[in-house]
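Trainee: Next up, structure_20.txt (compact mmCIF, C-alpha atoms and all ligand atoms).
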# COMPACT_ATOMS: atom_id res chain seq x y z
CA MET A 92 22.87 12.00 -31.98
CA LEU A 93 23.49 13.78 -28.74
CA ILE A 94 21.28 12.73 -25.90
CA ARG A 95 20.82 15.58 -23.48
CA ARG A 96 20.64 14.56 -19.89
CA ALA A 97 17.79 15.69 -17.73
CA PRO A 98 18.82 18.51 -15.40
CA ARG A 99 20.07 17.13 -12.13
CA PHE A 100 18.87 18.52 -8.87
CA THR A 101 20.96 18.58 -5.75
CA ALA A 102 19.98 17.46 -2.28
CA SER A 103 19.62 21.05 -1.09
CA GLU A 104 17.10 21.74 -3.81
CA ILE A 105 14.88 18.84 -2.84
CA THR A 106 14.62 19.48 0.89
CA ASP A 107 11.56 21.66 0.38
CA PRO A 108 8.79 19.22 -0.53
CA THR A 109 6.71 21.75 -2.44
CA LEU A 110 9.73 22.72 -4.50
CA TYR A 111 10.51 19.07 -4.94
CA LEU A 112 7.07 18.25 -6.28
CA SER A 113 6.98 21.14 -8.71
CA ARG A 114 10.43 20.29 -9.98
CA ARG A 115 9.47 16.69 -10.30
CA GLU A 116 6.51 17.68 -12.40
CA LEU A 117 8.77 19.81 -14.56
CA ILE A 118 11.35 17.12 -15.12
CA SER A 119 8.98 14.19 -15.45
CA GLY A 120 8.86 14.61 -19.21
CA ALA A 121 12.63 14.69 -19.48
CA ALA A 122 12.95 11.75 -17.10
CA ALA A 123 10.49 9.72 -19.14
CA ALA A 124 12.50 10.45 -22.27
CA LEU A 125 15.61 9.17 -20.55
CA VAL A 126 13.90 5.94 -19.56
CA LEU A 127 12.97 5.34 -23.17
CA ALA A 128 16.28 6.44 -24.66
CA PRO A 129 18.08 3.41 -26.09
CA GLY A 130 21.65 2.59 -25.18
CA LEU A 131 21.63 4.13 -21.74
CA GLY A 132 22.99 1.85 -19.03
CA GLU A 133 21.81 1.37 -15.48
CA ALA A 134 23.88 4.29 -14.27
CA ALA A 135 21.86 6.71 -16.34
CA THR A 136 18.53 5.48 -15.04
CA PRO A 137 16.89 8.62 -13.71
CA ALA A 138 15.03 9.11 -10.51
CA PRO A 139 11.73 7.20 -10.29
CA PRO A 140 8.90 8.32 -12.49
CA ALA A 141 6.81 9.95 -9.79
CA LEU A 142 3.71 11.62 -11.14
CA GLN A 143 4.21 9.88 -14.47
CA ALA A 144 0.95 8.99 -16.18
CA LEU A 145 -0.10 5.37 -16.00
CA SER A 146 -3.01 4.20 -18.07
CA ALA A 147 -5.29 1.35 -17.16
CA THR A 148 -8.78 0.22 -18.06
CA ARG A 149 -11.35 0.65 -15.34
CA HIS A 150 -12.78 -2.57 -13.96
CA ALA A 151 -16.34 -1.31 -13.70
CA ALA A 152 -17.78 -4.29 -11.83
CA PHE A 153 -15.20 -3.85 -9.05
CA SER A 154 -15.46 -0.07 -8.86
CA LEU A 155 -17.50 2.18 -6.62
CA THR A 156 -19.43 4.92 -8.36
CA GLU A 157 -19.19 7.28 -5.37
CA PRO A 158 -17.39 10.63 -5.69
CA LEU A 159 -13.61 10.31 -5.45
CA THR A 160 -11.63 11.77 -2.60
CA LYS A 161 -9.63 14.76 -3.84
CA VAL A 162 -6.18 13.66 -4.94
CA GLU A 163 -4.65 16.43 -2.80
CA ALA A 164 -6.19 14.87 0.30
CA ALA A 165 -5.32 11.29 -0.63
CA THR A 166 -1.66 12.29 -1.09
CA THR A 167 -1.22 14.56 1.95
CA TYR A 168 -3.28 12.83 4.65
CA ASN A 169 -1.48 9.52 5.03
CA ASN A 170 -0.50 6.84 7.46
CA PHE A 171 3.02 5.64 6.72
CA TYR A 172 4.77 5.31 10.06
CA GLU A 173 8.17 4.75 8.47
CA PHE A 174 8.09 8.54 7.93
CA GLY A 175 6.53 9.46 11.29
CA VAL A 176 3.12 9.41 12.92
CA ASN A 177 1.71 12.70 11.66
CA LYS A 178 -0.61 12.63 8.66
CA ASP A 179 1.57 15.09 6.76
CA ASP A 180 4.89 13.39 7.52
CA PRO A 181 4.72 10.96 4.56
CA SER A 182 4.12 13.71 1.97
CA ARG A 183 6.69 16.05 3.57
CA LEU A 184 9.41 13.47 4.05
CA GLY A 185 8.59 10.88 1.39
CA HIS A 186 11.25 12.08 -1.05
CA THR A 187 13.93 10.00 0.70
CA LEU A 188 12.31 6.80 -0.56
CA LYS A 189 13.83 5.58 -3.84
CA PRO A 190 11.23 3.49 -5.68
CA ARG A 191 13.59 2.46 -8.54
CA PRO A 192 15.32 0.13 -8.98
CA TRP A 193 13.06 -2.08 -6.85
CA THR A 194 12.58 -5.80 -6.59
CA VAL A 195 9.97 -7.96 -4.90
CA HIS A 196 10.99 -11.43 -3.69
CA VAL A 197 8.17 -13.96 -3.92
CA ASP A 198 9.23 -17.03 -2.01
CA GLY A 199 8.49 -19.42 0.85
CA PHE A 200 6.33 -22.48 0.23
CA VAL A 201 6.29 -22.19 -3.56
CA SER A 202 7.72 -24.40 -6.32
CA LYS A 203 9.09 -21.48 -8.33
CA PRO A 204 10.38 -18.71 -6.07
CA LYS A 205 11.29 -15.64 -8.05
CA THR A 206 12.56 -12.11 -7.61
CA PHE A 207 10.61 -9.72 -9.80
CA ASP A 208 11.68 -6.28 -10.82
CA VAL A 209 8.74 -3.94 -10.27
CA ASP A 210 8.80 -2.88 -13.94
CA GLU A 211 8.71 -6.54 -14.93
CA LEU A 212 5.62 -7.04 -12.76
CA MET A 213 3.96 -4.12 -14.52
CA ARG A 214 4.67 -5.69 -17.91
CA LEU A 215 3.63 -9.21 -16.92
CA PHE A 216 0.23 -8.41 -15.46
CA PRO A 217 -2.30 -6.16 -17.20
CA LEU A 218 -3.06 -3.07 -15.13
CA GLU A 219 -6.62 -2.26 -14.12
CA GLU A 220 -8.15 0.77 -12.48
CA ARG A 221 -10.42 0.01 -9.55
CA VAL A 222 -12.23 2.53 -7.40
CA TYR A 223 -12.10 1.16 -3.85
CA SER A 224 -12.73 2.84 -0.58
CA LEU A 225 -10.06 2.35 2.05
CA ARG A 226 -11.40 2.45 5.60
CA CYS A 227 -8.81 3.34 8.22
CA VAL A 228 -9.16 1.88 11.71
CA GLU A 229 -9.17 5.52 12.89
CA ALA A 230 -12.73 5.81 11.50
CA TRP A 231 -12.09 7.83 8.38
CA SER A 232 -12.13 6.63 4.79
CA MET A 233 -11.23 7.68 1.28
CA VAL A 234 -12.47 6.67 -2.16
CA ILE A 235 -9.48 6.21 -4.45
CA PRO A 236 -9.04 5.10 -8.07
CA TRP A 237 -6.20 2.59 -7.61
CA ILE A 238 -4.21 1.10 -10.49
CA GLY A 239 -2.83 -2.39 -10.17
CA PHE A 240 -3.45 -6.03 -10.82
CA PRO A 241 -4.93 -8.82 -8.73
CA LEU A 242 -2.41 -10.64 -6.55
CA ALA A 243 -3.81 -14.09 -7.45
CA PRO A 244 -2.11 -14.54 -10.87
CA LEU A 245 1.25 -13.55 -9.39
CA LEU A 246 0.86 -16.08 -6.59
CA LYS A 247 -0.23 -18.78 -9.06
CA ARG A 248 2.83 -18.08 -11.18
CA VAL A 249 5.20 -19.07 -8.37
CA GLU A 250 3.10 -22.20 -7.65
CA PRO A 251 2.27 -22.34 -3.93
CA THR A 252 2.84 -25.79 -2.43
CA GLY A 253 0.41 -27.62 -0.14
CA GLN A 254 2.16 -26.16 2.92
CA ALA A 255 1.33 -22.57 1.93
CA LYS A 256 -1.54 -21.37 4.12
CA TYR A 257 -0.82 -17.65 4.61
CA VAL A 258 0.86 -14.83 2.75
CA GLU A 259 3.22 -12.44 4.52
CA PHE A 260 4.00 -8.97 3.14
CA THR A 261 7.14 -7.15 4.20
CA THR A 262 7.89 -3.46 3.70
CA LEU A 263 11.40 -2.24 2.92
CA LEU A 264 13.76 -1.96 5.89
CA ASP A 265 16.18 0.89 5.25
CA PRO A 266 16.75 3.68 7.77
CA ASN A 267 18.38 5.78 5.06
CA GLN A 268 15.12 5.85 3.16
CA PHE A 269 12.70 5.71 6.10
CA PRO A 270 13.66 8.21 8.83
CA ALA A 271 11.49 6.60 11.53
CA GLN A 272 13.47 3.36 11.19
CA LYS A 273 16.59 5.12 12.46
CA PRO A 274 17.50 4.08 16.00
CA GLY A 275 16.57 6.88 18.37
CA PHE A 276 14.18 8.48 15.91
CA PHE A 277 12.40 11.23 17.80
CA GLY A 278 8.78 10.27 18.17
CA PHE A 279 6.69 7.15 18.11
CA SER A 280 8.84 4.18 17.29
CA SER A 281 7.15 1.26 18.95
CA LEU A 282 6.53 -0.58 15.69
CA ASP A 283 8.96 -3.40 15.17
CA TRP A 284 10.47 -2.74 11.73
CA PRO A 285 10.12 -3.86 9.07
CA TYR A 286 6.36 -3.42 8.80
CA VAL A 287 4.86 -6.87 8.29
CA GLU A 288 1.30 -7.71 7.33
CA GLY A 289 -0.42 -10.92 6.37
CA LEU A 290 -3.44 -12.58 4.83
CA ARG A 291 -4.80 -16.07 4.77
CA LEU A 292 -4.03 -17.64 1.37
CA ASP A 293 -7.69 -17.58 0.27
CA GLU A 294 -7.91 -13.87 1.19
CA ALA A 295 -4.74 -13.16 -0.78
CA MET A 296 -6.14 -15.08 -3.76
CA HIS A 297 -9.47 -13.24 -3.65
CA PRO A 298 -10.04 -11.27 -6.87
CA LEU A 299 -10.54 -8.03 -4.88
CA THR A 300 -7.00 -8.16 -3.44
CA LEU A 301 -4.99 -5.74 -5.55
CA LEU A 302 -1.25 -5.33 -5.92
CA THR A 303 -1.17 -1.61 -6.51
CA VAL A 304 1.33 0.50 -8.48
CA GLY A 305 -0.65 3.66 -9.20
CA MET A 306 -3.55 5.91 -8.30
CA TYR A 307 -5.49 8.72 -9.98
CA GLY A 308 -4.04 7.79 -13.39
CA LYS A 309 -0.45 8.13 -12.24
CA VAL A 310 2.40 6.16 -10.75
CA LEU A 311 1.99 5.71 -6.99
CA PRO A 312 3.46 8.64 -5.02
CA ASN A 313 6.00 7.69 -2.35
CA GLN A 314 3.66 8.63 0.48
CA ASN A 315 1.06 6.13 -0.77
CA GLY A 316 3.52 3.23 -0.82
CA ALA A 317 5.59 3.44 -3.99
CA PRO A 318 6.45 1.55 -5.97
CA VAL A 319 4.17 -1.31 -5.01
CA ARG A 320 1.72 -1.89 -2.17
CA VAL A 321 -1.25 -4.08 -1.55
CA VAL A 322 -4.85 -2.87 -1.20
CA ILE A 323 -7.38 -5.13 0.52
CA PRO A 324 -10.62 -3.14 0.44
CA TRP A 325 -12.68 -5.13 2.96
CA LYS A 326 -10.07 -4.80 5.72
CA TYR A 327 -8.90 -1.86 7.82
CA GLY A 328 -6.28 0.22 6.04
CA PHE A 329 -3.31 -1.00 8.05
CA LYS A 330 -3.56 -4.42 6.33
CA SER A 331 -2.69 -2.71 3.03
CA ALA A 332 1.10 -2.71 3.42
CA LYS A 333 3.13 -0.17 1.48
CA SER A 334 6.47 -0.31 -0.34
CA ILE A 335 6.62 -4.10 -0.35
CA VAL A 336 9.91 -5.94 -0.95
CA ARG A 337 8.85 -9.47 -0.08
CA ILE A 338 5.77 -11.63 -0.47
CA ARG A 339 6.32 -14.90 1.37
CA LEU A 340 4.05 -17.93 1.36
CA VAL A 341 4.11 -19.42 4.85
CA SER A 342 2.45 -22.23 6.77
CA GLU A 343 1.74 -20.33 10.01
CA GLN A 344 -0.24 -17.15 10.59
CA PRO A 345 2.31 -14.32 10.28
CA LYS A 346 2.98 -12.10 13.30
CA THR A 347 2.06 -8.66 12.04
CA ALA A 348 3.67 -5.39 13.12
CA TRP A 349 0.44 -4.04 14.65
CA GLU A 350 -0.38 -7.28 16.45
CA LYS A 351 3.07 -7.19 18.02
CA ALA A 352 2.59 -3.55 19.05
CA ALA A 353 -0.96 -3.88 20.50
CA PRO A 354 -2.55 -7.34 20.16
CA GLN A 355 -5.75 -6.38 21.97
CA GLU A 356 -6.35 -3.55 19.48
CA TYR A 357 -5.25 -4.96 16.14
CA GLY A 358 -6.08 -8.54 15.28
CA PHE A 359 -4.83 -10.59 12.37
CA TYR A 360 -8.11 -10.49 10.44
CA SER A 361 -9.09 -6.84 10.88
CA ASN A 362 -12.12 -7.11 8.65
CA VAL A 363 -14.05 -3.86 8.65
CA ASN A 364 -16.80 -4.53 11.17
CA PRO A 365 -19.14 -1.84 12.54
CA ALA A 366 -20.30 -4.27 15.25
CA VAL A 367 -16.88 -4.68 16.85
CA SER A 368 -15.47 -1.53 18.45
CA HIS A 369 -11.82 -0.76 18.74
CA PRO A 370 -11.10 -0.85 22.51
CA ARG A 371 -10.74 2.94 22.49
CA TRP A 372 -13.39 4.06 19.98
CA SER A 373 -16.40 2.92 17.98
CA GLN A 374 -16.17 1.51 14.46
CA ALA A 375 -19.89 2.03 13.79
CA ASP A 376 -19.44 5.00 11.51
CA GLU A 377 -16.79 6.88 9.58
CA ARG A 378 -16.00 10.21 8.02
CA ARG A 379 -15.05 10.42 4.38
CA ILE A 380 -12.07 12.72 4.09
CA GLY A 381 -13.45 15.91 2.55
CA GLU A 382 -16.91 15.50 4.10
CA PHE A 383 -18.26 16.68 7.44
CA ARG A 384 -21.08 14.23 8.01
CA ARG A 385 -20.44 10.78 9.35
CA ARG A 386 -21.79 7.81 7.47
CA PRO A 387 -22.47 4.32 8.77
CA THR A 388 -19.65 1.86 8.27
CA LEU A 389 -20.70 -1.19 6.28
CA PRO A 390 -19.75 -4.76 7.20
CA PHE A 391 -16.64 -5.73 5.24
CA ASN A 392 -16.54 -2.10 4.10
CA GLY A 393 -19.41 -2.82 1.69
CA TYR A 394 -17.86 -5.92 0.13
CA ALA A 395 -19.85 -8.46 2.18
CA ASP A 396 -21.46 -10.06 -0.87
CA GLN A 397 -18.03 -10.84 -2.28
CA VAL A 398 -16.08 -11.82 0.85
CA ALA A 399 -18.37 -12.83 3.73
CA ALA A 400 -18.24 -16.48 2.61
CA LEU A 401 -14.51 -16.56 3.39
CA TYR A 402 -15.42 -16.38 7.08
CA THR A 403 -18.33 -18.79 7.36
CA GLY A 404 -18.40 -20.40 10.78
CA MET A 405 -15.87 -18.00 12.30
CA ASP A 406 -16.67 -15.85 15.31
CA LEU A 407 -15.73 -12.41 13.99
CA LYS A 408 -15.86 -10.89 17.47
CA LYS A 409 -13.03 -13.18 18.50
CA ASN A 410 -11.26 -13.04 15.15
CA TYR A 411 -11.21 -9.26 14.95
N1 LIG B 1 4.55 0.04 5.47
C1 LIG B 1 3.44 0.64 5.91
N2 LIG B 1 2.27 0.37 5.30
C2 LIG B 1 1.13 0.96 5.73
C3 LIG B 1 1.13 1.83 6.86
C4 LIG B 1 2.38 2.07 7.49
O1 LIG B 1 2.50 2.81 8.49
N3 LIG B 1 3.51 1.47 6.98
N4 LIG B 1 -0.05 2.39 7.32
C5 LIG B 1 -1.29 1.68 6.96
C6 LIG B 1 -2.50 2.42 7.31
S1 LIG B 1 -2.88 2.52 8.97
C7 LIG B 1 -3.35 2.92 6.36
S2 LIG B 1 -4.84 3.63 6.80
C8 LIG B 1 -2.98 2.89 4.92
C9 LIG B 1 -3.06 4.30 4.34
O2 LIG B 1 -2.84 4.26 2.95
P1 LIG B 1 -2.84 5.62 2.11
O3 LIG B 1 -1.90 6.56 2.78
O4 LIG B 1 -2.39 5.25 0.72
O5 LIG B 1 -4.25 6.14 2.11
O6 LIG B 1 -1.67 2.40 4.70
C10 LIG B 1 -1.33 1.26 5.49
N5 LIG B 1 -0.06 0.72 5.07
MO MO B 2 -5.17 2.97 9.03
Let me see whether you can do it: turn the structure in this file into structure tokens.
Ligand SMILES: Nc1nc2c(c(=O)[nH]1)N[C@H]1C(S)=C(S)[C@@H](COP(=O)(O)O)O[C@H]1N2
Ligand SMILES: [Mo]

Mentor:
Amino acid sequence: MLIRRAPRFTASEITDPTLYLSRRELISGAAAALVLAPGLGEAATPAPPALQALSATRHAAFSLTEPLTKVEAATTYNNFYEFGVNKDDPSRLGHTLKPRPWTVHVDGFVSKPKTFDVDELMRLFPLEERVYSLRCVEAWSMVIPWIGFPLAPLLKRVEPTGQAKYVEFTTLLDPNQFPAQKPGFFGFSSLDWPYVEGLRLDEAMHPLTLLTVGMYGKVLPNQNGAPVRVVIPWKYGFKSAKSIVRIRLVSEQPKTAWEKAAPQEYGFYSNVNPAVSHPRWSQADERRIGEFRRRPTLPFNGYADQVAALYTGMDLKKNY
């Protein structure tokens, strides 16, 4: 039997992001067929399955019932500084990121360090859909149906040792895929690449912490952190690192990219807290993208019942 290859597109055809997206949609069926076709080696592996459907059962108990943010907004109004500081940079420029093949190293203070292929992760851990709101430190928020699996079983699988106290997440470092990582990139470049974020081990093990591979019933678009990012719904959005290549169990509190850039503005904990203002603006309320009115911000972004106990006895004004 003759296997027909999916039509190839050239670099010049993909420079226009709107063209790129529509072509992607057109070829996604052909690309999926290629992935499934037996006997094709690595070399024939097509471009990543962007916009490919991804099914998952909704975890109702962990899902908001509020109206969802429009998918168009959630995929065009993004913070992903590796592509630039403007909200539309990630969706305009995101096509340079290659989310396959992709591996995630899970190492550090663990008995069984392992490098996982992202597709292996998706087979090993059952996918769930969870509707979480993500509250940006810039006082806007979105309600998004994420698809992923809790981080805890992955961490347990590598067997953290007694020295493991924190978890460090590292985003890909590759100036060929992330234009803002190029030396001399025109614009804001005061983040120290790669983007690093961190959680305390108990925060990372909390059942709400989601390793995320999709949204809105589809594979994660590049601009939202393909192929795998974390989502921690009770913390400001910047904790939810995108395009992760390493998850390291460490004994000391990791130095995060935002703490290094502006320690008085972005603390390690960064729990959503309406009572603690950012030095330059209030955190008391927020605007849902797509709405005009402002709504009060809830402590721990509404997840206080589930997570407040993690911080008993801590001064959250100091540990912002
Ligand atoms: N690697 C990386 N991860 C990142 C960021 C970033 O600039 N680089 N921005 C963060 C911020 S500030 C927010 S609000 C969320 C936005 O996620 P979304 O675009 O999927 O809504 O991603 C977070 N993760
Ligand atoms: Mo953010």

Trainee: Nearest to Leu401 in chain A: which of A:His297, A:Arg191, A:Lys247, A:Arg183 is it, counting only C-alpha atoms?

Mentor: A:His297

Trainee: Within 8 Å of ligand LIG 1 (chain B), counting all atoms listed in the file, which protein or nucleic acid residues do you find, written as a compact mmCIF listing (two decimals) with C-alpha atoms, keeping the file's coordinate frame?

Mentor:
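Produced file pocket-v4.txt, reproduced below:
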# COMPACT_ATOMS: atom_id res chain seq x y z
CA ALA A 165 -5.32 11.29 -0.63
CA THR A 166 -1.66 12.29 -1.09
CA TYR A 168 -3.28 12.83 4.65
CA ASN A 169 -1.48 9.52 5.03
CA ASN A 170 -0.50 6.84 7.46
CA PHE A 171 3.02 5.64 6.72
CA TYR A 172 4.77 5.31 10.06
CA GLU A 173 8.17 4.75 8.47
CA VAL A 176 3.12 9.41 12.92
CA LEU A 225 -10.06 2.35 2.05
CA ARG A 226 -11.40 2.45 5.60
CA CYS A 227 -8.81 3.34 8.22
CA VAL A 228 -9.16 1.88 11.71
CA GLU A 229 -9.17 5.52 12.89
CA MET A 233 -11.23 7.68 1.28
CA THR A 261 7.14 -7.15 4.20
CA THR A 262 7.89 -3.46 3.70
CA LEU A 263 11.40 -2.24 2.92
CA PRO A 285 10.12 -3.86 9.07
CA TYR A 286 6.36 -3.42 8.80
CA VAL A 287 4.86 -6.87 8.29
CA GLN A 314 3.66 8.63 0.48
CA ASN A 315 1.06 6.13 -0.77
CA GLY A 316 3.52 3.23 -0.82
CA ARG A 320 1.72 -1.89 -2.17
CA TYR A 327 -8.90 -1.86 7.82
CA GLY A 328 -6.28 0.22 6.04
CA PHE A 329 -3.31 -1.00 8.05
CA LYS A 330 -3.56 -4.42 6.33
CA SER A 331 -2.69 -2.71 3.03
CA ALA A 332 1.10 -2.71 3.42
CA LYS A 333 3.13 -0.17 1.48
CA SER A 334 6.47 -0.31 -0.34
CA ILE A 335 6.62 -4.10 -0.35

Trainee: Need to verify the contact set: Ala348 in chain A, 7 Å, all atoms listed in the file, exclusion of same-chain residues closer than 3 positions in sequence. Can you return it as an mmCIF file with C-alpha atoms, in the coordinates of the input?

Mentor:
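The resulting out22.cif:
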data_model
loop_
_atom_site.group_PDB
_atom_site.id
_atom_site.type_symbol
_atom_site.label_atom_id
_atom_site.label_comp_id
_atom_site.auth_asym_id
_atom_site.auth_seq_id
_atom_site.Cartn_x
_atom_site.Cartn_y
_atom_site.Cartn_z
ATOM 1 C CA LEU A 282 6.530 -0.580 15.690
ATOM 2 C CA ASP A 283 8.960 -3.400 15.170
ATOM 3 C CA TYR A 286 6.360 -3.420 8.800
ATOM 4 C CA VAL A 287 4.860 -6.870 8.290
ATOM 5 C CA GLU A 288 1.300 -7.710 7.330
ATOM 6 C CA LYS A 351 3.070 -7.190 18.020
ATOM 7 C CA ALA A 352 2.590 -3.550 19.050
#

Trainee: So which residues touch range 389-392 of chain A within 12 Å, counting all atoms listed in the file, skipping near sequence neighbours fewer than 6 positions away, as a ChimeraX atom specification?

Mentor: /A:155,223-228,230-234,323-328,360-367,374-377,398-402,407,411

Trainee: Just to confirm, what's the straight-line distance from CA of Leu246 in chain A to CA of Val201 in chain A in Å (one decimal)?

Mentor: 8.7 Å

Trainee: Of the candidates A:Ser281, A:Lys256, A:Val162, A:Val322, which shows the shortest atom-to-atom distance to ligand MO 2 (chain B), using all atoms listed in the file?

Mentor: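 Among the listed residues, A:Val322 lies closest to ligand MO 2 (chain B).
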
Trainee: What does the distance from CA of Lys309 in chain A to CA of Glu294 in chain A come to in Å, to one decimal?

Mentor: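 Distance reported for this atom pair: 26.8 Å.
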
Trainee: If you measure from CA of Ser182 in chain A to CA of Glu163 in chain A, what distance in Å do you get, rounded to one decimal?

Mentor: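 Computing the Euclidean distance for CA of Ser182 in chain A and CA of Glu163 in chain A yields 10.3 Å.
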
Trainee: For each of A:Val195, A:Val319, A:Val222, A:Val304, take the minimum atom-to-atom distance to Thr156 in chain A, counting all atoms listed in the file, then give the residue where this is smallest.

Mentor: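 Checking each candidate against Thr156 in chain A, we get A:Val222 as the closest.
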
Trainee: Which residues are close to Ile338 in chain A, i.e. within 7 Å by all atoms listed in the file, leaving aside same-chain residues fewer than 6 positions away? Reply as a list in words.

Mentor: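 Selected residues are His196, Val197, Asp198, Val258, Glu259, Phe260 and Thr261 of chain A.
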
Trainee: Between A:Gln268, A:Val321, A:Thr160, A:Trp193, which residue has the minimum interatomic distance to Arg378 in chain A, considering all atoms listed in the file?

Mentor: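 Smallest separation from Arg378 in chain A among the options: A:Thr160.
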